[in-house]
$ cat input-v6.cif   # mmCIF, C-alpha atoms
data_target
#
loop_
_atom_site.label_atom_id
_atom_site.label_comp_id
_atom_site.auth_asym_id
_atom_site.auth_seq_id
_atom_site.Cartn_x
_atom_site.Cartn_y
_atom_site.Cartn_z
CA GLU I 266 -7.21 23.68 -15.45
CA ASP I 267 -10.23 22.36 -13.63
CA GLU I 268 -12.46 19.75 -15.20
CA PRO I 269 -15.34 21.30 -17.18
CA PRO I 270 -18.65 21.33 -15.31
CA LEU I 271 -20.74 18.18 -15.34
CA GLY I 272 -22.98 18.01 -18.37
CA TRP I 273 -20.83 20.29 -20.53
CA GLN I 274 -20.54 18.59 -23.90
CA GLY I 275 -18.26 20.92 -25.87
CA PHE I 276 -14.95 19.20 -25.14
CA SER I 277 -12.62 17.58 -27.63
CA MET I 278 -10.87 14.24 -27.37
CA GLU I 279 -7.57 16.11 -27.13
CA GLU I 280 -8.80 18.06 -24.09
CA ALA I 281 -10.00 14.85 -22.46
CA ARG I 282 -6.67 13.17 -23.17
CA LEU I 283 -4.72 16.06 -21.66
CA HIS I 284 -6.93 15.91 -18.57
CA ALA I 285 -6.20 12.17 -18.23
CA ASP I 286 -2.48 12.81 -18.67
CA ARG I 287 -2.60 15.35 -15.85
CA LEU I 288 -4.33 12.93 -13.52
CA HIS I 289 -1.88 10.20 -14.48
CA SER I 290 1.05 12.45 -13.62
CA GLU I 291 -0.44 13.30 -10.22
CA LYS I 292 -1.03 9.63 -9.39
CA SER I 293 2.42 8.52 -10.50
CA ASN I 294 4.05 10.90 -8.02
CA ARG I 295 2.52 9.14 -5.01
CA THR I 296 4.53 6.61 -3.01
CA PRO I 297 3.26 3.06 -2.39
CA LYS I 298 2.63 4.02 1.24
CA GLU I 299 0.49 7.00 0.19
CA VAL I 300 -1.48 4.81 -2.22
CA LEU I 301 -2.16 2.25 0.51
CA GLU I 302 -3.24 4.97 2.94
CA ASP I 303 -5.69 6.31 0.35
CA LEU I 304 -7.12 2.81 -0.04
CA GLN I 305 -7.50 2.51 3.73
CA ARG I 306 -9.28 5.85 3.92
CA GLY I 307 -11.65 4.71 1.20
CA ASN I 308 -12.54 1.60 3.17
CA THR I 309 -13.04 3.70 6.30
CA ARG I 310 -15.52 5.90 4.43
CA PHE I 311 -17.32 2.75 3.29
CA TRP I 312 -17.78 1.12 6.70
CA MET I 313 -18.59 4.46 8.36
CA ASN I 314 -21.34 5.05 5.77
CA THR I 315 -19.69 8.24 4.49
CA ALA I 316 -18.62 6.90 1.08
CA VAL I 317 -18.39 9.54 -1.65
CA ARG I 318 -19.07 7.03 -4.45
CA PRO I 319 -16.72 8.77 -6.92
CA GLU I 320 -18.43 9.08 -10.27
CA MET I 321 -16.83 10.41 -13.42
CA SER I 322 -18.30 12.92 -15.82
CA ALA I 323 -18.47 12.19 -19.53
CA PHE I 324 -15.36 14.35 -19.90
CA SER I 325 -13.29 12.18 -17.54
CA ARG I 326 -14.65 8.93 -18.96
CA ARG I 327 -13.65 10.06 -22.44
CA GLY I 328 -10.11 10.56 -21.18
CA LEU I 329 -9.93 6.92 -20.13
CA ILE I 330 -10.55 5.68 -23.67
CA SER I 331 -6.89 5.90 -24.61
CA LYS I 332 -5.25 4.79 -21.35
CA GLN I 333 -5.70 3.42 -17.85
CA PHE I 334 -3.52 4.23 -14.85
CA PRO I 335 -4.70 2.44 -11.72
CA SER I 336 -2.47 2.74 -8.64
CA VAL I 337 -3.62 -0.51 -7.04
CA ALA I 338 -4.10 -4.09 -8.23
CA ILE I 339 -6.28 -6.37 -6.12
CA LEU I 340 -6.57 -10.14 -6.26
CA GLY I 341 -9.95 -10.72 -4.67
CA CYS I 342 -12.66 -13.33 -4.47
CA SER I 343 -15.51 -13.74 -6.94
CA ASP I 344 -18.01 -13.66 -4.06
CA SER I 345 -20.86 -11.25 -4.85
CA ARG I 346 -20.66 -9.82 -1.32
CA VAL I 347 -17.17 -8.42 -1.95
CA PRO I 348 -17.51 -5.73 -4.67
CA THR I 349 -13.98 -4.38 -4.58
CA GLU I 350 -14.46 -0.81 -5.84
CA ILE I 351 -17.41 -0.28 -3.49
CA VAL I 352 -15.59 -1.69 -0.43
CA PHE I 353 -12.72 0.76 -1.00
CA ASP I 354 -14.91 3.65 -2.24
CA GLN I 355 -12.99 3.94 -5.52
CA GLY I 356 -14.09 4.93 -9.00
CA LEU I 357 -13.50 4.10 -12.64
CA GLY I 358 -9.85 3.50 -13.46
CA ASP I 359 -8.67 3.50 -9.83
CA ILE I 360 -8.20 -0.24 -9.24
CA PHE I 361 -7.05 -3.08 -11.48
CA VAL I 362 -9.17 -5.97 -10.21
CA ILE I 363 -8.76 -9.72 -10.62
CA ARG I 364 -11.53 -11.75 -8.99
CA VAL I 365 -11.49 -15.53 -8.74
CA ALA I 366 -12.95 -18.01 -6.27
CA GLY I 367 -10.73 -18.12 -3.18
CA ASN I 368 -8.52 -15.22 -4.39
CA CYS I 369 -6.00 -17.84 -5.49
CA LEU I 370 -3.04 -17.49 -7.83
CA ASP I 371 -2.91 -19.52 -11.03
CA THR I 372 -1.44 -18.85 -14.46
CA ALA I 373 -4.09 -16.31 -15.48
CA THR I 374 -4.30 -14.42 -12.18
CA LEU I 375 -0.53 -14.23 -11.75
CA ALA I 376 -0.09 -13.07 -15.33
CA SER I 377 -2.71 -10.38 -14.77
CA LEU I 378 -0.88 -9.10 -11.67
CA GLN I 379 2.45 -9.20 -13.53
CA TYR I 380 0.87 -7.07 -16.25
CA SER I 381 -0.39 -4.57 -13.68
CA VAL I 382 3.06 -4.25 -12.11
CA HIS I 383 5.25 -4.12 -15.21
CA HIS I 384 2.98 -2.29 -17.66
CA LEU I 385 0.44 -0.33 -15.61
CA LYS I 386 3.02 0.47 -12.91
CA VAL I 387 0.68 -0.03 -9.95
CA LYS I 388 2.18 0.89 -6.56
CA VAL I 389 0.30 -1.60 -4.37
CA LEU I 390 -0.69 -5.26 -4.79
CA VAL I 391 -3.44 -6.48 -2.45
CA VAL I 392 -4.53 -10.07 -1.88
CA LEU I 393 -8.00 -9.70 -0.37
CA GLY I 394 -9.65 -12.58 1.46
CA HIS I 395 -12.99 -12.28 3.21
CA GLU I 396 -15.17 -13.57 6.00
CA MET I 397 -17.14 -16.74 5.24
CA CYS I 398 -15.34 -17.52 1.99
CA GLY I 399 -17.17 -20.46 0.44
CA ALA I 400 -14.16 -21.57 -1.60
CA VAL I 401 -11.86 -21.76 1.43
CA LYS I 402 -14.55 -23.49 3.50
CA ALA I 403 -15.11 -26.04 0.74
CA ALA I 404 -11.36 -26.62 0.41
CA MET I 405 -11.30 -27.90 4.00
CA LEU I 406 -13.66 -30.77 3.12
CA PRO I 407 -12.27 -34.34 2.71
CA ASP I 408 -10.71 -35.15 -0.64
CA GLU I 409 -13.40 -37.78 -1.22
CA THR I 410 -16.03 -35.02 -1.11
CA LEU I 411 -14.04 -32.70 -3.38
CA GLU I 412 -13.63 -35.46 -5.94
CA GLN I 413 -17.39 -35.51 -6.44
CA GLU I 414 -17.21 -32.02 -7.96
CA PRO I 415 -16.52 -31.25 -11.65
CA LEU I 416 -12.84 -31.76 -12.44
CA GLU I 417 -11.90 -28.09 -12.74
CA LEU I 418 -13.67 -27.16 -9.50
CA GLU I 419 -12.07 -30.12 -7.72
CA GLN I 420 -8.61 -29.02 -8.88
CA ALA I 421 -9.20 -25.40 -7.82
CA LEU I 422 -10.34 -26.40 -4.34
CA LYS I 423 -7.45 -28.82 -3.88
CA MET I 424 -5.03 -26.08 -4.89
CA ILE I 425 -6.42 -23.87 -2.11
CA LYS I 426 -6.29 -26.80 0.29
CA THR I 427 -2.55 -27.28 -0.21
CA GLY I 428 -1.96 -23.87 1.34
CA LEU I 429 -4.03 -24.45 4.47
CA ASP I 430 -2.51 -25.72 7.70
CA ALA I 431 -4.99 -28.47 8.52
CA THR I 432 -3.15 -29.53 11.67
CA ARG I 433 -3.34 -26.06 13.22
CA LEU I 434 -6.97 -25.62 12.20
CA GLU I 435 -7.89 -28.88 13.94
CA HIS I 436 -6.99 -27.33 17.29
CA ILE I 437 -9.39 -24.39 16.87
CA THR I 438 -12.93 -24.94 18.14
CA ASP I 439 -14.64 -21.59 17.53
CA THR I 440 -16.20 -21.60 14.05
CA ARG I 441 -15.56 -17.92 13.37
CA ALA I 442 -11.96 -18.27 14.49
CA ILE I 443 -11.52 -21.24 12.16
CA ASP I 444 -12.97 -19.21 9.29
CA ARG I 445 -10.67 -16.24 9.93
CA GLU I 446 -7.58 -18.40 10.40
CA ALA I 447 -8.21 -20.43 7.24
CA VAL I 448 -8.88 -17.37 5.07
CA SER I 449 -5.89 -15.49 6.52
CA THR I 450 -3.61 -18.48 5.93
CA ASN I 451 -4.74 -18.67 2.32
CA VAL I 452 -4.08 -14.94 1.86
CA LYS I 453 -0.58 -15.29 3.33
CA LYS I 454 0.20 -18.18 0.97
CA GLN I 455 -0.77 -16.08 -2.05
CA VAL I 456 1.32 -13.13 -0.81
CA GLU I 457 4.29 -15.46 -0.33
CA ARG I 458 3.83 -16.81 -3.85
CA LEU I 459 3.85 -13.26 -5.21
CA SER I 460 7.03 -12.60 -3.21
CA ARG I 461 8.72 -15.45 -5.05
CA ASP I 462 8.12 -13.79 -8.41
CA LYS I 463 11.49 -12.29 -9.38
CA GLY I 464 10.06 -9.37 -11.33
CA ILE I 465 7.55 -8.41 -8.65
CA ILE I 466 9.98 -8.70 -5.71
CA ALA I 467 12.51 -6.60 -7.63
CA LYS I 468 9.95 -3.76 -7.67
CA VAL I 469 9.45 -4.21 -3.94
CA ARG I 470 13.19 -4.02 -3.31
CA GLN I 471 13.33 -0.79 -5.33
CA GLU I 472 10.50 0.58 -3.15
CA ASP I 473 8.31 1.07 -6.20
CA LEU I 474 5.78 -1.48 -4.92
CA LEU I 475 4.43 -3.03 -1.78
CA ILE I 476 2.40 -6.21 -1.39
CA VAL I 477 -0.19 -6.56 1.34
CA GLY I 478 -2.58 -9.26 2.47
CA ALA I 479 -5.97 -8.21 3.79
CA PHE I 480 -9.12 -9.65 5.34
CA TYR I 481 -12.56 -8.16 4.62
CA GLU I 482 -15.13 -8.63 7.36
CA ILE I 483 -18.50 -8.71 5.62
CA SER I 484 -20.40 -8.12 8.86
CA SER I 485 -18.67 -4.81 9.66
CA GLY I 486 -17.36 -3.70 6.26
CA ILE I 487 -13.85 -3.29 7.68
CA VAL I 488 -10.76 -4.41 5.76
CA ASP I 489 -7.84 -5.42 8.00
CA PHE I 490 -4.46 -5.11 6.28
CA PHE I 491 -2.46 -7.64 8.26
CA TYR I 492 0.48 -8.97 6.20
CA GLU I 493 2.91 -6.76 4.29
CA VAL I 494 5.97 -7.22 2.11
CA SER I 495 7.73 -3.92 1.49
CA GLY I 496 11.02 -2.05 1.41
CA PRO I 497 14.59 -2.95 0.49
CA TYR I 498 16.02 -6.10 2.00
CA ASP I 499 19.09 -6.40 4.18
CA MET I 500 21.18 -9.58 3.96
CA THR I 501 21.90 -9.31 7.71
CA SER I 502 18.30 -8.65 8.69
CA PRO I 503 16.31 -11.36 10.51
CA PHE I 504 13.41 -10.47 8.21
CA SER I 505 15.27 -11.73 5.13
CA ARG I 506 15.20 -15.42 4.31
CA LYS I 507 16.47 -17.54 1.46
CA ASN I 508 13.84 -18.97 -0.86
CA SER I 509 15.08 -21.95 -2.87
CA LEU I 510 12.03 -22.00 -5.15
CA VAL I 511 13.16 -19.06 -7.24
CA GLU I 512 16.91 -19.33 -7.71
CA GLU I 513 17.65 -18.44 -4.08
CA VAL I 514 15.92 -15.08 -4.17
CA GLU I 515 15.91 -13.33 -0.79
CA VAL I 516 12.29 -12.58 0.14
CA PRO I 517 11.71 -9.78 2.67
CA GLU I 518 8.66 -10.45 4.81
CA PHE I 519 7.37 -7.82 7.19
CA ILE I 520 4.46 -8.99 9.28
CA ARG I 521 3.22 -5.95 11.14
CA SER I 522 0.44 -5.41 13.63
CA THR I 523 -2.06 -2.72 12.69
CA SER I 524 -4.10 -0.13 14.52
CA TRP I 525 -6.41 2.67 13.43
CA THR I 526 -5.45 6.35 13.38
CA SER I 527 -7.96 9.18 13.57
CA ASP I 528 -7.98 9.73 9.79
CA GLY I 529 -8.92 6.14 8.97
CA VAL I 530 -5.45 4.81 8.17
CA GLN I 531 -4.08 1.63 9.70
CA SER I 532 -0.69 2.25 11.30
CA ARG I 533 2.06 -0.35 11.55
#
$ encode --input "input-v6.cif" --output "structure tokens"
Amino acid sequence: EDEPPLGWQGFSMEEARLHADRLHSEKSNRTPKEVLEDLQRGNTRFWMNTAVRPEMSAFSRRGLISKQFPSVAILGCSDSRVPTEIVFDQGLGDIFVIRVAGNCLDTATLASLQYSVHHLKVKVLVVLGHEMCGAVKAAMLPDETLEQEPLELEQALKMIKTGLDATRLEHITDTRAIDREAVSTNVKKQVERLSRDKGIIAKVRQEDLLIVGAFYEISSGIVDFFYEVSGPYDMTSPFSRKNSLVEEVEVPEFIRSTSWTSDGVQSR
């Protein structure tokens, strides 16, 4: 049955719960690829200024009291210019969001993503970096400068710094290119760390999950999905490699170029 008209107040909790169950069932039938394509379309609506800004009625919100069933989990930055649900034109209950300076994995952020995969059954994990990330820019400063910060901030920035390729960055002269390369490198490092999690990569192998790294360009509003880990692995494939950090788990890495299709989906 269709959702009761907006403003209708005569519904019961049981009706709202049944409506939520129906939506949950519909979402759970989508493949990871379909979920990612929906996310891409949402971003296209955003940067083309045709966002629908999905709002829920009181009926639908009531249905979310007893459960949540997001299809996507996003590790993004705390930066106020990167409001995740708005950038992807999503509504309440659509995205499980973890935001931390520099979109960096630590105990809490990794645990949150593990929860989203194993208990909420999300289909897509996104690590979302962005243009002009202050945390990544600060992490490129000399250690002597970082050590003037409060201890916790110093440690967070140094953790980001360990994942940056300082030697390669030294050979780039254009400031915007340096910014993009540094942020993208940090995103890739977080995706690779997620790929070394045995429980998460098992879901990828079963094709129940895909992991993707992305770069949000603040100036245009466009999110570029540029680094993907998906699909079953093949021991003879050149894309498989042995990772000694997690009991020799084979980590499939598929780095694919992207282009836009007419319906706002990035093809690979």
$ residues_around --input "input-v6.cif" --residues "segment 349-352 of chain I" --least-positions-apart "2" --cutoff "7 Å" --atoms "all atoms listed in the file" --output "list in words"
Asn308, Phe311, Val347, Asp354, Gln355 and Gly356 of chain I
$ resolve_selection --input "input-v6.cif" --expression "the PyMOL selection byres ((chain I and resi 479) around 7)" --output "VMD selection string"
chain I and resid 391 to 394 477 to 478 480 to 481 488 to 492
$ residues_near_point --input "input-v6.cif" --point "(7.7, -8.1, -12.1)" --cutoff "12 Å" --atoms "all atoms listed in the file" --output "ChimeraX atom specification"
/I:375-388,390,459-471,473-475
$ resolve_selection --input "input-v6.cif" --expression "the PyMOL selection byres ((chain I and resi 443) around 12)" --output "PyMOL selection string"
chain I and resi 396-398+401-402+405+429-442+444-450
$ resolve_selection --input "input-v6.cif" --expression "the PyMOL selection byres ((chain I and resi 315) around 12)" --output "JSON, numbers by chain"
{"I": [306, 307, 308, 309, 310, 311, 312, 313, 314, 316, 317, 318, 319, 351, 352, 353, 354, 529]}
$ write_last_selection --input "input-v6.cif" --atoms "C-alpha atoms" --output "PDB file, in the coordinates of the input"
ATOM      1  CA  ARG I 306      -9.280   5.850   3.920  1.00  0.00           C
ATOM      2  CA  GLY I 307     -11.650   4.710   1.200  1.00  0.00           C
ATOM      3  CA  ASN I 308     -12.540   1.600   3.170  1.00  0.00           C
ATOM      4  CA  THR I 309     -13.040   3.700   6.300  1.00  0.00           C
ATOM      5  CA  ARG I 310     -15.520   5.900   4.430  1.00  0.00           C
ATOM      6  CA  PHE I 311     -17.320   2.750   3.290  1.00  0.00           C
ATOM      7  CA  TRP I 312     -17.780   1.120   6.700  1.00  0.00           C
ATOM      8  CA  MET I 313     -18.590   4.460   8.360  1.00  0.00           C
ATOM      9  CA  ASN I 314     -21.340   5.050   5.770  1.00  0.00           C
ATOM     10  CA  ALA I 316     -18.620   6.900   1.080  1.00  0.00           C
ATOM     11  CA  VAL I 317     -18.390   9.540  -1.650  1.00  0.00           C
ATOM     12  CA  ARG I 318     -19.070   7.030  -4.450  1.00  0.00           C
ATOM     13  CA  PRO I 319     -16.720   8.770  -6.920  1.00  0.00           C
ATOM     14  CA  ILE I 351     -17.410  -0.280  -3.490  1.00  0.00           C
ATOM     15  CA  VAL I 352     -15.590  -1.690  -0.430  1.00  0.00           C
ATOM     16  CA  PHE I 353     -12.720   0.760  -1.000  1.00  0.00           C
ATOM     17  CA  ASP I 354     -14.910   3.650  -2.240  1.00  0.00           C
ATOM     18  CA  GLY I 529      -8.920   6.140   8.970  1.00  0.00           C
TER      19      GLY I 529
END
$ atom_distance --input "input-v6.cif" --atom1 "atom CA of Met278 of chain I" --atom2 "atom CA of Asp359 of chain I"
20.7 Å
$ atom_distance --input "input-v6.cif" --atom1 "atom CA of Leu340 of chain I" --atom2 "atom CA of Asn368 of chain I"
5.8 Å
$ atom_distance --input "input-v6.cif" --atom1 "atom CA of Phe361 of chain I" --atom2 "atom CA of Leu304 of chain I"
12.9 Å
$ axis_aligned_box --input "input-v6.cif" --around "segment 337-348 of chain I" --padding-each-side "6 Å" --output "JSON"
{"center_x": -12.2, "center_y": -7.1, "center_z": -4.8, "size_x": 29.2, "size_y": 25.2, "size_z": 18.9}
$ closest_residue --input "input-v6.cif" --among "I:Ser277, I:Ser345, I:Thr372, I:Ser322" --to "Ile483 of chain I" --atoms "all atoms listed in the file"
I:Ser345
$ closest_residue --input "input-v6.cif" --among "I:Gly428, I:Pro348, I:Glu457, I:Gln305" --to "Ile487 of chain I" --atoms "all atoms listed in the file"
I:Gln305
$ closest_residue --input "input-v6.cif" --among "I:Leu411, I:Leu418, I:Ala366, I:Leu329" --to "Gly399 of chain I" --atoms "all atoms listed in the file"
I:Ala366
